[in-house]
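**Q** Submitted below is the structure of interest, expressed as structure tokens.
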Amino acid sequence: MLLRNRPPGIDSASVHRREGFEHLEHKSLVVLRWLNANKIDYVLVGPVAHAVRGDTAAKGPVAIVPAPYGRNYDRLARALISEHAGLRSERGLPGSDAVEPIGVKLTGEKLARGRRWKLAFGDHQLDVEAAAGAEGPESSAGSAAGSAAPAGAGAPPAARNIGASGARYQELLYEANRFTLCDGLSVEVASLEDLEHYSHMRRTGTAPEFRVTRTAPGEAGSAAEAGDAETVSEPADVSPEQ
């Protein structure tokens, strides 16, 4: 491969954080700068997004929701391949904070099909989240070589998720805010509501939902006396996603 065609690599040079972002970890800023250098369109979610929004105790890998179009996933795949990225395992390398990656053949199509990819390259970690929730099985060190099953059949793999994922990503981006973390590094950070959505997904593997319980008219008073705050007297048959 010609050098001029190689994706930009990791640049670990020190950065001067803007006021209010001094608590952000240097390795997180390095990953974000690398993503921007490779022209990846994304919204930041996960613990680093919480840290940007002021949670100084939030720690964890950079997590992103990429814009769900083919060229964006292809650019991300090329950048990850250039850094020899693999799936994160639970085994650490002796004498290092780095984790031992498990080799996987990454493509834009595979990244688009996964619900979550837990990746590692060198001392850096990156989670790639789906835009519309659980589109396919989670891709991690516990999955079979990181292969994600297609969401359906009959359409090209890269096209199957674009409808729902595209709409969800546009909502995510619309509610996001742009933060300049240091000179030359600005990121779109998901809203607090969306951050909670993805945090719930990481904890439980399912999208958060609320339920309205149908009760008979005579039972509404006794339910209220019992302190059942989730029970209402109006009928409902839906459990919409938050």
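The way I read the labels, and the way they are meant: chains A, B, ... in the order of the structure tokens, residue 1 as the first residue of every chain, and ligand 1 as the first ligand shown, with later ones counted on from there.
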Set the distance at 7 Å and use only C-alpha atoms: which residues neighbour segment 168-175 of chain A once local chain neighbours fewer than 6 positions away are removed? I'd like the list as an MDAnalysis selection string.

**A** chainID A and resid 43 67 131:132 190:191

**Q** Between A:Met201, A:Ile81, A:Leu195, A:Ala120, which has the minimum distance to Glu100 of chain A (counting only C-alpha atoms)?

**A** A:Ala120

**Q** Skip Tyr42 of chain A itself and residues of its chain fewer than 4 positions away, then list as a compact mmCIF listing (two decimals) with N, CA, C and O atoms, in the first residue's frame all residues within 9 Å of it, counting only C-alpha atoms.

**A**
# COMPACT_ATOMS: atom_id res chain seq x y z
N LEU A 35 -9.91 9.40 15.36
CA LEU A 35 -11.17 9.25 14.62
C LEU A 35 -11.42 10.46 13.72
O LEU A 35 -11.80 10.31 12.54
N ILE A 64 -18.60 5.16 20.44
CA ILE A 64 -19.18 6.02 19.41
C ILE A 64 -20.33 5.31 18.72
O ILE A 64 -20.41 4.09 18.67
N VAL A 65 -21.24 6.13 18.19
CA VAL A 65 -22.25 5.66 17.24
C VAL A 65 -21.88 6.27 15.89
O VAL A 65 -22.03 7.47 15.69
N PRO A 66 -21.36 5.47 14.96
CA PRO A 66 -20.97 6.02 13.67
C PRO A 66 -22.19 6.38 12.83
O PRO A 66 -23.25 5.76 12.96
N ALA A 67 -22.05 7.39 11.99
CA ALA A 67 -23.09 7.69 11.02
C ALA A 67 -23.27 6.46 10.13
O ALA A 67 -22.30 5.95 9.57
N PRO A 68 -24.51 5.95 10.00
CA PRO A 68 -24.71 4.65 9.36
C PRO A 68 -24.80 4.72 7.84
O PRO A 68 -25.84 4.43 7.24
N ASN A 72 -18.68 5.70 5.50
CA ASN A 72 -18.22 5.99 6.86
C ASN A 72 -17.73 4.72 7.55
O ASN A 72 -16.67 4.70 8.19
N TYR A 169 -29.96 7.66 14.06
CA TYR A 169 -28.73 8.47 14.13
C TYR A 169 -29.04 9.95 13.96
O TYR A 169 -28.45 10.79 14.64
N LEU A 173 -28.01 12.77 16.57
CA LEU A 173 -27.19 13.91 16.19
C LEU A 173 -27.93 15.23 16.46
O LEU A 173 -27.32 16.22 16.90
N VAL A 187 -16.02 17.46 19.19
CA VAL A 187 -16.80 16.22 19.06
C VAL A 187 -18.27 16.51 19.32
O VAL A 187 -18.62 17.42 20.08
N GLU A 188 -19.12 15.71 18.68
CA GLU A 188 -20.56 15.73 18.96
C GLU A 188 -20.83 14.75 20.09
O GLU A 188 -20.49 13.57 19.99

**Q** Show which residues sit within 12 Å of Ser14 of chain A, as a PyMOL selection string. Count only C-alpha atoms, and ignore same-chain residues fewer than 2 positions away.

**A** chain A and resi 11-12+16-17+25-30+33+182-183

**Q** When you draw a straight line from atom CA of Arg203 of chain A to atom CA of Gln125 of chain A, how long is it in Å?

**A** 18.3 Å
